[in-house]
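**Q** Have a look at this one.
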Amino acid sequence: VSFNGAIFESVKNVDYTGSSAYEGGQNEDGSPALRGLIEYNTDHPVTIPGLNQLVAHEIVPGHYIDSAVADIGWRSGRLGFEAAAHTMCTGEVAMREGLAQNALAMALGGSEEDVIDILGPDQTIEFLLERLQDAGKQNASILYQGRDMSIEKVREYLANACVMPDPIVKKLSGSWATHPIIGPMYGQAYATGHAVVAEAIRKFGPQTVAAAAFHQHGYLDLGAFERAVEQ
C-alpha cells in the first residue's frame, strides 16, 4: 500500500498545535484514496525534536497510518464501521493517542533510548516535555472542574509545574480545562495511553504492539489492546 493520500497545510489562529483529519474515500478505479489532511499551527513554535515528535504522532506511523489501516480494514470487511469513524471522546481514543505518543519510538527501534541514539540527546528534552504536556492535558480539567481551581491558577500550574510555553498554556487552559466533555473524556487519553503502550512495547516488542495497534486483531480499546498483545 502506498500511504500517499495525506496533504499538509499550515494554519493560524486555531486552538490546536497539530491535527490529522482523515477523509478516506476512493479513487476512480475503486482503490482506497486514503485521503487525509495534516495541519500544523504556526502560532505554536516548534523545535526540530518537537517536529520529529509531531510528524511521528500525526502522520507516520501515528494517526494518519492508524486511520488509513483502519479504513482499509473496514473496506475489506475485516473491521466494522466504527473503525472508520475515529470518534474523539471514546474508549478507543486512549488506544489511538497511546500509539501516537509512542509512534516515534516505534519507528526507530522501539524505545526512547533508541530514538535518542539515532536523533541525538536533544530528543531527551522533547520526551520529557511530552510527558509534562500529557500531565497538563490530564490535570487541567481535574483542577478546574473537579477541584474548583481558578483558571488563573490552572494557567500557573501549566506554566510552572508542566513547564509549558505561553501558546500551550493558552491551549490547555481553554477547552482542555473548561469543556465538560473534552477535558474529562479526552484529556486522560495521552498520559494513560502512552504508559500502557510504552509498557507493552517494553514487554512484547514493537512488532507485536504494531500488529495490535494497527487493527490486525480487530478495532481495540486500550483494555482489549492489552489483552491482545498478551495473547
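FYI, nothing fancy with the C-alpha cells labels: chains A, B, ... in order, residues from 1 per chain, ligands from 1 as they appear.
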Enumerate, in order of chain and increasing residue number, the residues of range 89-116 of chain A with an atom no farther than 12 Å from range 196-200 of chain A, each with its shortest atom pair and distance in Å to one decimal, counting only C-alpha atoms, as JSON lines.
**A**
```
{"residue": "A:Ala94", "atom": "CA", "partner": "A:Val196", "partner_atom": "CA", "distance": 9.4}
{"residue": "A:Met95", "atom": "CA", "partner": "A:Val197", "partner_atom": "CA", "distance": 7.9}
{"residue": "A:Arg96", "atom": "CA", "partner": "A:Val197", "partner_atom": "CA", "distance": 9.8}
{"residue": "A:Glu97", "atom": "CA", "partner": "A:Val197", "partner_atom": "CA", "distance": 9.5}
{"residue": "A:Gly98", "atom": "CA", "partner": "A:Val197", "partner_atom": "CA", "distance": 5.7}
{"residue": "A:Leu99", "atom": "CA", "partner": "A:Val197", "partner_atom": "CA", "distance": 6.4}
{"residue": "A:Ala100", "atom": "CA", "partner": "A:Val197", "partner_atom": "CA", "distance": 9.6}
{"residue": "A:Gln101", "atom": "CA", "partner": "A:Val197", "partner_atom": "CA", "distance": 8.7}
{"residue": "A:Asn102", "atom": "CA", "partner": "A:Ala198", "partner_atom": "CA", "distance": 6.6}
{"residue": "A:Ala103", "atom": "CA", "partner": "A:Val197", "partner_atom": "CA", "distance": 9.9}
{"residue": "A:Leu104", "atom": "CA", "partner": "A:Ala198", "partner_atom": "CA", "distance": 11.3}
{"residue": "A:Ala105", "atom": "CA", "partner": "A:Ala198", "partner_atom": "CA", "distance": 8.9}
{"residue": "A:Met106", "atom": "CA", "partner": "A:Ala198", "partner_atom": "CA", "distance": 9.3}
{"residue": "A:Gly110", "atom": "CA", "partner": "A:Ala198", "partner_atom": "CA", "distance": 8.7}
{"residue": "A:Ser111", "atom": "CA", "partner": "A:Ala198", "partner_atom": "CA", "distance": 8.0}
{"residue": "A:Glu112", "atom": "CA", "partner": "A:Ala198", "partner_atom": "CA", "distance": 9.4}
```
**Q** Neighbouring residues of Asp114 in chain A were defined as those with any atom within 12 Å, considering only C-alpha atoms; residues of the same chain fewer than 6 positions away were excluded. Please report them as a PyMOL selection string.
**A** chain A and resi 104-108+120-121+123-124+206
**Q** Give me the residues within 9 Å of Gly50 in chain A as a short mmCIF file (atom, residue, chain, number, x, y, z; two decimals) with N, CA, C and O atoms, in the first residue's frame, counting only C-alpha atoms and dropping any in the same chain fewer than 6 places off.
**A**
```
data_model
loop_
_atom_site.label_atom_id
_atom_site.label_comp_id
_atom_site.auth_asym_id
_atom_site.auth_seq_id
_atom_site.Cartn_x
_atom_site.Cartn_y
_atom_site.Cartn_z
N GLN A 123 16.61 15.10 21.84
CA GLN A 123 15.31 14.43 21.84
C GLN A 123 14.88 14.04 23.25
O GLN A 123 13.69 13.89 23.52
N GLU A 126 12.65 16.69 24.57
CA GLU A 126 11.31 16.63 23.96
C GLU A 126 10.46 15.54 24.59
O GLU A 126 9.27 15.75 24.84
N PHE A 127 11.05 14.40 24.87
CA PHE A 127 10.29 13.33 25.53
C PHE A 127 9.80 13.79 26.90
O PHE A 127 8.65 13.52 27.28
N GLU A 130 6.96 16.17 26.42
CA GLU A 130 5.73 15.45 26.04
C GLU A 130 5.03 14.88 27.26
O GLU A 130 3.81 14.95 27.38
#
```
**Q** Rank A:Glu9, A:Phe204, A:Leu54, A:Gly36 by their smallest atom-to-atom distance to Gln231 in chain A, using only C-alpha atoms, and report the top residue only.
**A**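 Of A:Glu9, A:Phe204, A:Leu54, A:Gly36, the one nearest Gln231 in chain A, counting only C-alpha atoms, is A:Phe204.
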**Q** Could you give me the residues within range 21-219 of chain A that DSSP places in strand (DSSP E or B), as a PyMOL selection string?
**A** chain A and resi 21-26+32-41+216+218
**Q** Can you write just those residues out, C-alpha atoms, as a compact mmCIF listing (two decimals), in the first residue's frame?
**A**
```txt
# COMPACT_ATOMS: atom_id res chain seq x y z
CA ALA A 21 -8.25 14.81 9.84
CA TYR A 22 -8.85 11.62 7.87
CA GLU A 23 -11.32 11.53 4.98
CA GLY A 24 -10.56 8.29 3.17
CA GLY A 25 -12.64 7.96 0.03
CA GLN A 26 -11.74 6.02 -3.11
CA PRO A 32 -8.82 3.45 -1.46
CA ALA A 33 -7.69 7.08 -1.81
CA LEU A 34 -6.52 7.23 1.83
CA ARG A 35 -7.07 10.99 1.83
CA GLY A 36 -6.08 12.87 4.96
CA LEU A 37 -5.39 16.47 5.92
CA ILE A 38 -2.43 17.17 8.20
CA GLU A 39 -2.40 20.65 9.76
CA TYR A 40 0.23 22.46 11.82
CA ASN A 41 -0.49 25.67 13.72
CA GLN A 216 -4.77 -6.75 12.95
CA GLY A 218 -9.80 -6.07 15.47
```
**Q** Identify which of the residues A:Gly77, A:Arg202, A:Ile182, A:Asn52 lies closest to Glu113 in chain A, counting only C-alpha atoms when measuring atom-to-atom distances.
**A**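 Nearest candidate to Glu113 in chain A out of A:Gly77, A:Arg202, A:Ile182, A:Asn52: A:Arg202.
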**Q** Identify which of the residues A:Pro61, A:Pro49, A:Gly91, A:Gly109 lies closest to Gly205 in chain A, counting only C-alpha atoms when measuring atom-to-atom distances.
**A** A:Gly109
**Q** Pick out the residues sitting within 8 Å of range 160-176 of chain A, and hand them over as JSON, numbers by chain; count only C-alpha atoms, and ignore anything fewer than 5 positions along from it in its own chain.
**A** {"A": [15, 16, 43, 44, 129, 132, 133, 135, 136, 137, 140, 141, 151, 154, 155, 182, 183, 187]}
